[in-house]
Amino acid sequence: MTPSDPVMPAGPLTGLRVLDLSESYGLYCGKLLADLGADVIKVEPPAGSNARHMPPFYHNDASSERSLHWFHFNTNKRSITLNLETADGRDLFHRLAATAAVVIEDATPGTMAALGVGYDALSAANPRLVYAAVTAFGQQGPHAGYKGSDLIGQAMGGLMFRIGWPEDPPNSLGGLQGLNQVGSHAAVGVMLALTHCDATGEGQFVDVSMQEAIAIINYDAMSRFALRRQVIHRSGPGVGSSGIVATRLWHCKQGTVRFQLVGTSVPEWPRLVEWLAGHSMQEDLADEKWRDAATRMAQLPHIEAVIDRFFMTKTAHELMDEGQARRIMITAFNTVADLFTEPQLTDEGFFTSVEHIALGETVVYPGGPYRFSATPWHIRRPAPALGEYNEAVYVHELGLRPDDLPRLKAAGAI
Amino acid sequence: MPNRRAPLEGIRIVDFSWVIAGPLTSKWLALHGAEVIKIESARDRGDVVRTDPGPSAGKQGNPNTGGAFSNLNPNKLSLALNMQQERARDIVRRLIKVSDVVLNNFAPGVMDKWGLTYEEMRAVNPSIIAVSMPAMGATGPRRHFRGLGSYFQAMAGLDVMIGYPHREIVDMGFAFPDATCNPAHAAVAILAALRHRNRTGEGQCIELRQFESTINFLGTAPLDYSVNRNVQMRTGSRAGYAAPHGVYRCAGDDRWCAITVLSDQEWRSFCGAIGHPDWIEDPRFSTLLARKAHEDLLDSLINEWTGDRSAEVVMDHLQAHGVPAGVVQHAGDLLEHDPQIAHRGFYVTLDHPEGGRMVHEGASFQLSKTPAEFRTPAPLLGQHNDYVLQTVLGMSEEEVDQCILDQAVM
């Protein structure tokens with residue numbers, strides 16, 4: 001798909017200009033807006049964002065235009081360089097902010113204001129501005145200056161405490177869940193503020209806390225403590241927050257499946273037996289006595305053993321396909337590799353090819369989180385090279401003269 | 001605070017969604033001014049979360065006192081209908097005509113069965129925004145797959161990335177996507193579609209496939225596989241790009257502090273903070289590479305230091321020295337001890353007519369001029385039947401009585 005595909009309708013946020021200064025907590029917010037068509041301008045220091053040095057790297061090459069972390073979080077964005085530590089740089093930023101609908105930043109609280117480019121300063125010239133400050137703990141309060149990270153967010157937000165085996169330390173989640181969660185919440189806040197601005201002409205400040213974004217994940221633990229002053233502890237695999245041993249890991253000839261024997265519904269038990277019987281592996285499970293759930297519960301190890309023997313004859317995907325065809329709830333524990341051959345994705349056009357001119361190849365990207373009928377999500381261009389749009393933005397859009405750029409660069413402003 | 005108009009004032013949402021993901025989406029919209037009308041099944045005692053016997057269960061047999069239901073549904077209205085009745089479907093069509101958004105998270109086919117495909121909704125209201133949140137999708141070879149949220153989370157590749165490498169896959173105990181990617185993506189989508197409609201008059205149909213939405217929360221894993229054929233798996237709390245990076249045991253029962261040293265500067269600060277300036281130049285620890293090579297030793301030494309101290313002291317002390325550190329908190333810590341949470345007023349308590357004092361989470365995004373506003377507690381089942389039918393739809397009392405007689409309305 002080429003950057004300017006004339007056939008693809010524009011996204012719903014077309015025409016929305018965003019200045020994105022994020023280094024971590026705000027990255028996913030900018031991505032969500034950019035992937036829906038907004039013009040998100042990544043404002044980087046002249047040496048480039050730190051995010052360009054985050055692993056993993058394309059073919060393990062750690063040079064600054066090879067970070068997959070950068071590629072992932074900055075699809076569709078345009079990059080300019082700008083040094084807020086210089087007066088010229090701040091002046092440029094003021095001029096840019098006057099043309100923008102949204103600013104996203106995730107600096108330590110007070111940093112931007114101290115430089116004279118905080119919300120108060122920018123909104124004076126642009127009262128419509130929506131300014132999102134995305135931090136670990138928020139702008140004010142006893143922990144406002146505390147440093148965070150993805151893991152710190154998962155810890156302080158209450159997510160880790162209850163996950164894993166009791167004899168292990170608390171478990172954390174891979175996949176940058178802290179950044180994903182706070183970035184997505186920031187996007188909701190920005191969109192709400194934009195909605196208000198559309199109706200009233202009034203912008204505002206959006207103060208986003210990663211800790212709180214993560215805290216809502218444990219809504220059930222919160223209610224349990226609020227109602228009963230009970231804490232949900234780590235209880236290993238298979239024990240849900242209700243305390244019932246609901247699931248266990250089922251090994252297969254290859255892989256593992258998610259399957260629930262305890263709580264099997266009345267209609268599902270006969271279907272399960274039929275399935276095993278179809279392979280002559282039901283053993284004694286077709287006996288009438290097993291139709292009673294209490295009887296099954298009382299002799300669970302026996303039933304589990306019969307099913308284990310059956311499951312060990314098939315791969316996780318075979319079991320998933322066969323079981324689901326018989327309307328039994330069962331899925332495979334996939335790795336990310338499995339997704340690339342998963343028919344529900346490949347047949348449905350989920351993956352998208354993006355041309356990376358600098359790499360000399362086309363890269364397959366995952367698709368977006370939603371499918372809009374009139375204004376689709378799509379990747380118009382990959383993450384930008386450092387300062388790739390300096391001329392486009394400064395000269396063609398802001399009105400600087402072409403020979404201003406080398407002067408500003410020499411002065412360290414861009 | 002001047003009495004400002006809320007961002008979504010005047011926006012009406014017909015909300016068929018239930019359980020967690022859909023209601024959390026519409027909760028944020030309701031907190032910011034939208035009129036959210038929950039369509040609940042009178043026959044099945046409403047949103048299934050009302051009677052969920054899980055950890056947040058309320059009073060036995062009472063569908064109005066569950067903690068999770070209360071938390072997820074402030075400000076919303078409840079219309080209890082029996083959608084088997086044509087009269088009920090007619091009510092819904094009339095409601096759609098005067099609404100902006102229709103939201104559901106049913107399996108494919110349910111809305112269709114009620115005569116509520118997008119085309120049928122658009123015939124009633126051409127600029128309607130119809131949002132569905134099926135697990136797999138309305139089309140595709142797996143569209144009929146059955147399961148709970150946790151089943152599709154497993155299939156999306158998330159579970160293999162949680163926990164310690166020496167352990168098998170661990171069950172999280174709840175459906176993570178329902179409280180994370182799914183509601184946040186849905187809310188962004190709805191607001192983006194509203195913006196487009198306001199500019200062009202054009203509504204549309206949005207399908208958020210929970211499977212696809214979850215894959216968007218795998219971070220760099222998809223690209224890492226796509227270009228490097230590397231399969232990211234669980235790494236415990238370690239990170240390839242930093243050390244120390246993990247959770248450390250503190251004094252007391254099951255108390256831990258997470259510590260992440262993300263730069264050489266922070267390493268120097270950390271060494272000073274824990275009284276080991278000698279570690280700065282110690283060849284075993286002086287560089288990131290060295291620390292990774294001796295990570296087990298380093299972690300055990302750090303555990304010696306943290307083991308005598310409370311997690312809060314460890315956190316505050318390290319933070320005072322510029323080192324990222326945070327207590328591994330549980331719900332009790334968040335509700336009763338965390339001073340930052342308290343300062344921001346994150347938890348809001350409302351008086352519920354049947355549940356009593358109920359605690360709600362606020363929004364992590366605080367808008368300075370139009371913040372979240374808790375107006376009313378979660379609705380009783382069918383509490384707003386009269387309001388919706390008479391005030392919103394203009395029905396007479398006689399018409400309402402007829403609907404009840406027809407068993408279209410509870």
# chains A, B, ... in the order shown; residues from 1 in each chain; ligands from 1
$ residues_around --residues "Asp90 (chain B)" --least-positions-apart "2" --cutoff "12 Å" --atoms "only C-alpha atoms" --output "list of chain:residue names"
B:Leu81, B:Asn82, B:Met83, B:Gln84, B:Gln85, B:Glu86, B:Arg87, B:Ala88, B:Val92, B:Arg93, B:Arg94, B:Leu95, B:Ile96, B:Lys97, B:Trp114, B:Gly115, B:Leu116, B:Met121, B:Val124, B:Leu389, B:Leu393, B:Cys403, B:Ala408, B:Val409
$ write_last_selection --atoms "C-alpha atoms" --output "short mmCIF file (atom, residue, chain, number, x, y, z; two decimals), in the first residue's frame"
data_model
loop_
_atom_site.label_atom_id
_atom_site.label_comp_id
_atom_site.auth_asym_id
_atom_site.auth_seq_id
_atom_site.Cartn_x
_atom_site.Cartn_y
_atom_site.Cartn_z
CA LEU B 81 -37.23 -4.83 27.62
CA ASN B 82 -38.17 -8.23 26.31
CA MET B 83 -36.66 -8.17 22.85
CA GLN B 84 -38.61 -11.27 21.82
CA GLN B 85 -41.64 -8.99 21.56
CA GLU B 86 -42.11 -6.97 18.39
CA ARG B 87 -43.37 -4.12 20.54
CA ALA B 88 -40.00 -3.96 22.28
CA VAL B 92 -35.78 0.33 20.21
CA ARG B 93 -36.26 1.58 16.65
CA ARG B 94 -37.96 4.71 17.96
CA LEU B 95 -35.11 5.17 20.38
CA ILE B 96 -32.50 4.78 17.66
CA LYS B 97 -34.24 7.50 15.68
CA TRP B 114 -33.95 -8.51 16.41
CA GLY B 115 -34.08 -6.68 13.10
CA LEU B 116 -31.19 -4.45 14.08
CA MET B 121 -30.72 0.90 11.94
CA VAL B 124 -34.40 4.52 10.87
CA LEU B 389 -40.82 5.75 27.15
CA LEU B 393 -40.17 8.82 23.24
CA CYS B 403 -46.29 -2.19 26.40
CA ALA B 408 -42.49 -5.85 25.85
CA VAL B 409 -41.45 -3.82 28.85
#
$ select_by_dssp --residues "region 112-236 of chain A" --states "alpha helix (DSSP H)" --output "ChimeraX atom specification"
/A:112-114,119-125,150-156,177-200,210-215,219-228
$ closest_atom_pairs --of "chain B" --to "chain A" --cutoff "6 Å" --atoms "only C-alpha atoms" --output "tab-separated table"
residue	atom	partner	partner_atom	distance
B:Pro7	CA	A:His196	CA	4.3
B:Gly54	CA	A:Ser242	CA	4.6
B:Pro55	CA	A:Ser242	CA	5.2
B:Ser56	CA	A:Arg224	CA	4.7
B:Gly67	CA	A:Ser223	CA	5.2
B:Gly140	CA	A:Gln344	CA	5.5
B:Pro141	CA	A:Gln344	CA	5.8
B:Arg142	CA	A:Gln344	CA	5.7
B:Phe145	CA	A:Gln324	CA	5.9
B:Arg146	CA	A:Met329	CA	5.1
B:Gly147	CA	A:Met329	CA	5.0
B:Tyr151	CA	A:Thr331	CA	5.8
B:Ala154	CA	A:Phe333	CA	4.7
B:Met155	CA	A:Asn334	CA	5.1
B:Gly157	CA	A:Thr335	CA	4.6
B:Met161	CA	A:Gly174	CA	5.1
B:Ile162	CA	A:Leu173	CA	4.5
B:Gly163	CA	A:Asn171	CA	4.9
B:Val170	CA	A:Pro237	CA	5.0
B:Asp171	CA	A:Pro237	CA	4.9
B:Met172	CA	A:Ile163	CA	5.6
B:Gly173	CA	A:Gly240	CA	3.9
B:Ala179	CA	A:Ile217	CA	5.1
B:Ala184	CA	A:Ser184	CA	5.8
B:Val188	CA	A:Val188	CA	5.3
B:Ala192	CA	A:Pro12	CA	5.8
B:His196	CA	A:Pro12	CA	5.3
B:Gln204	CA	A:Ser373	CA	5.8
B:Cys205	CA	A:Ser373	CA	5.3
B:Ile206	CA	A:Phe372	CA	4.5
B:Glu207	CA	A:Arg371	CA	5.1
B:Leu208	CA	A:Tyr370	CA	4.4
B:Glu212	CA	A:Pro369	CA	5.4
B:Ser213	CA	A:Pro369	CA	3.9
B:Leu218	CA	A:Gly175	CA	4.6
B:Gly219	CA	A:Gly175	CA	4.5
B:Thr220	CA	A:His69	CA	5.8
B:Asn228	CA	A:His59	CA	5.7
B:Ser237	CA	A:Ser172	CA	5.7
B:Ala258	CA	A:Ile152	CA	5.9
B:Pro324	CA	A:Lys147	CA	4.7
B:Gly326	CA	A:Ile152	CA	5.2
B:Val327	CA	A:Met156	CA	5.6
B:Val328	CA	A:Ala155	CA	4.2
B:Gln329	CA	A:Gly158	CA	4.8
B:His330	CA	A:Gly158	CA	4.8
B:Ala331	CA	A:Met222	CA	5.2
B:Gln340	CA	A:Gly141	CA	5.6
B:His343	CA	A:Gly141	CA	5.8
B:Ser364	CA	A:Glu212	CA	5.0
B:Phe365	CA	A:Val208	CA	4.3
B:Gln366	CA	A:Asp207	CA	5.0
B:Leu367	CA	A:Val206	CA	4.6
B:Ser368	CA	A:Phe205	CA	5.2
$ atom_distance --atom1 "CA of Met133 (chain B)" --atom2 "CA of Glu119 (chain B)"
17.1 Å
$ atom_distance --atom1 "CA of Asp39 (chain A)" --atom2 "CA of Gly15 (chain A)"
6.6 Å
$ residues_around --residues "Ile280 (chain B)" --least-positions-apart "6" --cutoff "12 Å" --atoms "only C-alpha atoms" --output "list in words"
Asp264, Gln265, Glu266, Trp267, Arg268, Ser269, Phe270, Cys271, Gly272, Ala273, Ile274, Ser286, Thr287, Leu288, Ala290 and Arg291 of chain B
$ write_last_selection --atoms "C-alpha atoms" --output "mmCIF file, in the first residue's frame"
data_model
loop_
_atom_site.group_PDB
_atom_site.id
_atom_site.type_symbol
_atom_site.label_atom_id
_atom_site.label_comp_id
_atom_site.auth_asym_id
_atom_site.auth_seq_id
_atom_site.Cartn_x
_atom_site.Cartn_y
_atom_site.Cartn_z
ATOM 1 C CA ASP B 264 23.704 4.641 33.834
ATOM 2 C CA GLN B 265 22.775 7.788 35.753
ATOM 3 C CA GLU B 266 20.067 5.932 37.607
ATOM 4 C CA TRP B 267 22.507 3.087 38.317
ATOM 5 C CA ARG B 268 24.897 5.496 39.984
ATOM 6 C CA SER B 269 22.042 7.015 41.985
ATOM 7 C CA PHE B 270 20.846 3.554 42.956
ATOM 8 C CA CYS B 271 24.245 2.483 44.228
ATOM 9 C CA GLY B 272 24.491 5.618 46.346
ATOM 10 C CA ALA B 273 20.950 5.166 47.636
ATOM 11 C CA ILE B 274 21.493 1.654 48.945
ATOM 12 C CA SER B 286 29.511 -1.273 36.212
ATOM 13 C CA THR B 287 27.866 -1.638 32.792
ATOM 14 C CA LEU B 288 24.449 -2.843 31.692
ATOM 15 C CA ALA B 290 27.899 -6.741 33.157
ATOM 16 C CA ARG B 291 24.759 -6.391 35.240
#
$ residues_around --residues "Arg45 (chain B)" --least-positions-apart "2" --cutoff "10 Å" --atoms "only C-alpha atoms" --output "short mmCIF file (atom, residue, chain, number, x, y, z; two decimals) with N, CA, C and O atoms, in the first residue's frame"
data_model
loop_
_atom_site.label_atom_id
_atom_site.label_comp_id
_atom_site.auth_asym_id
_atom_site.auth_seq_id
_atom_site.Cartn_x
_atom_site.Cartn_y
_atom_site.Cartn_z
N GLU B 40 -31.73 -3.61 28.94
CA GLU B 40 -31.48 -4.83 29.69
C GLU B 40 -32.63 -5.79 29.49
O GLU B 40 -33.78 -5.39 29.27
N SER B 41 -32.33 -7.06 29.60
CA SER B 41 -33.35 -8.07 29.42
C SER B 41 -34.12 -8.24 30.73
O SER B 41 -33.54 -8.62 31.74
N ALA B 42 -35.40 -7.96 30.67
CA ALA B 42 -36.23 -8.10 31.86
C ALA B 42 -36.29 -9.57 32.30
O ALA B 42 -36.26 -9.88 33.48
N ARG B 43 -36.34 -10.46 31.31
CA ARG B 43 -36.49 -11.89 31.63
C ARG B 43 -35.26 -12.47 32.31
O ARG B 43 -35.36 -13.32 33.17
N ASP B 47 -28.35 -7.08 32.94
CA ASP B 47 -26.92 -7.29 32.67
C ASP B 47 -26.42 -8.40 33.59
O ASP B 47 -26.59 -8.36 34.80
N VAL B 48 -25.79 -9.40 33.01
CA VAL B 48 -25.40 -10.59 33.77
C VAL B 48 -24.47 -10.25 34.95
O VAL B 48 -24.44 -10.96 35.95
N VAL B 49 -23.77 -9.15 34.85
CA VAL B 49 -22.86 -8.77 35.93
C VAL B 49 -23.64 -8.40 37.20
O VAL B 49 -23.11 -8.47 38.31
N ARG B 50 -24.91 -8.08 37.03
CA ARG B 50 -25.73 -7.75 38.21
C ARG B 50 -25.73 -8.91 39.20
O ARG B 50 -25.74 -8.70 40.41
N THR B 51 -25.77 -10.13 38.67
CA THR B 51 -25.91 -11.29 39.56
C THR B 51 -24.67 -12.17 39.50
O THR B 51 -24.71 -13.34 39.87
N ASN B 62 -30.18 -10.25 44.85
CA ASN B 62 -30.56 -8.87 44.51
C ASN B 62 -29.73 -8.39 43.34
O ASN B 62 -28.51 -8.31 43.43
N PRO B 63 -30.37 -8.11 42.19
CA PRO B 63 -29.60 -7.73 41.01
C PRO B 63 -29.13 -6.28 41.02
O PRO B 63 -28.63 -5.79 40.02
N ASN B 64 -29.31 -5.62 42.12
CA ASN B 64 -28.97 -4.20 42.15
C ASN B 64 -27.83 -3.85 43.09
O ASN B 64 -27.58 -2.68 43.34
N ALA B 80 -35.73 -1.85 30.79
CA ALA B 80 -35.83 -3.31 30.79
C ALA B 80 -36.86 -3.75 29.76
O ALA B 80 -38.05 -3.49 29.91
N LEU B 381 -32.70 -2.24 37.91
CA LEU B 381 -33.18 -2.84 36.68
C LEU B 381 -34.52 -2.22 36.29
O LEU B 381 -35.46 -2.23 37.08
N GLY B 382 -34.57 -1.63 35.10
CA GLY B 382 -35.80 -1.03 34.62
C GLY B 382 -36.18 0.28 35.30
O GLY B 382 -37.31 0.78 35.11
#
$ closest_residue --among "B:Phe152, B:Trp28, B:Trp256, B:Tyr248" --to "Ala363 (chain B)" --atoms "only C-alpha atoms"
B:Trp28
$ atom_distance --atom1 "CA of Glu295 (chain B)" --atom2 "CA of Gly240 (chain B)"
11.1 Å
$ select_by_dssp --residues "region 63-240 of chain A" --states "strand (DSSP E)" --output "list in words"
Arg78, Ser79, Ile80, Thr81, Val102, Val103, Ile104, Glu105, Val130, Tyr131, Ala132, Ala133, Val134, Thr135, Gln204, Phe205, Val206, Asp207, Val208 and Ser209 of chain A
$ residues_around --residues "Ile259 (chain B)" --least-positions-apart "6" --cutoff "6 Å" --atoms "only C-alpha atoms" --output "list in words"
His245, Gly246 and Ala325 of chain B
$ closest_residue --among "A:Trp377, A:Glu388, A:Asp292, A:Ile303" --to "Asp35 (chain A)" --atoms "only C-alpha atoms"
A:Trp377
$ residues_around --residues "Thr391 (chain B)" --least-positions-apart "6" --cutoff "12 Å" --atoms "only C-alpha atoms" --output "JSON, numbers by chain"
{"B": [95, 98, 384, 385, 397, 400]}
$ write_last_selection --atoms "N, CA, C and O atoms" --output "short mmCIF file (atom, residue, chain, number, x, y, z; two decimals), in the first residue's frame"
data_model
loop_
_atom_site.label_atom_id
_atom_site.label_comp_id
_atom_site.auth_asym_id
_atom_site.auth_seq_id
_atom_site.Cartn_x
_atom_site.Cartn_y
_atom_site.Cartn_z
N LEU B 95 -36.20 4.62 19.59
CA LEU B 95 -35.11 5.17 20.38
C LEU B 95 -33.91 5.48 19.49
O LEU B 95 -33.25 6.51 19.61
N VAL B 98 -33.83 8.80 17.70
CA VAL B 98 -33.45 10.01 18.43
C VAL B 98 -32.13 9.84 19.18
O VAL B 98 -31.86 10.57 20.15
N HIS B 384 -35.62 3.29 34.68
CA HIS B 384 -35.95 4.45 33.85
C HIS B 384 -36.92 4.13 32.73
O HIS B 384 -36.99 4.86 31.74
N ASN B 385 -37.66 3.04 32.89
CA ASN B 385 -38.65 2.69 31.87
C ASN B 385 -39.57 3.87 31.56
O ASN B 385 -39.73 4.27 30.40
N GLU B 397 -49.24 7.51 28.96
CA GLU B 397 -49.33 6.48 30.00
C GLU B 397 -50.04 5.24 29.49
O GLU B 397 -49.68 4.12 29.84
N VAL B 400 -47.72 3.18 27.44
CA VAL B 400 -46.76 2.49 28.31
C VAL B 400 -47.42 1.27 28.95
O VAL B 400 -46.86 0.18 28.99
#
$ closest_residue --among "B:Arg309, B:Arg284, B:Arg197, B:Arg375" --to "Pro74 (chain B)" --atoms "only C-alpha atoms"
B:Arg375
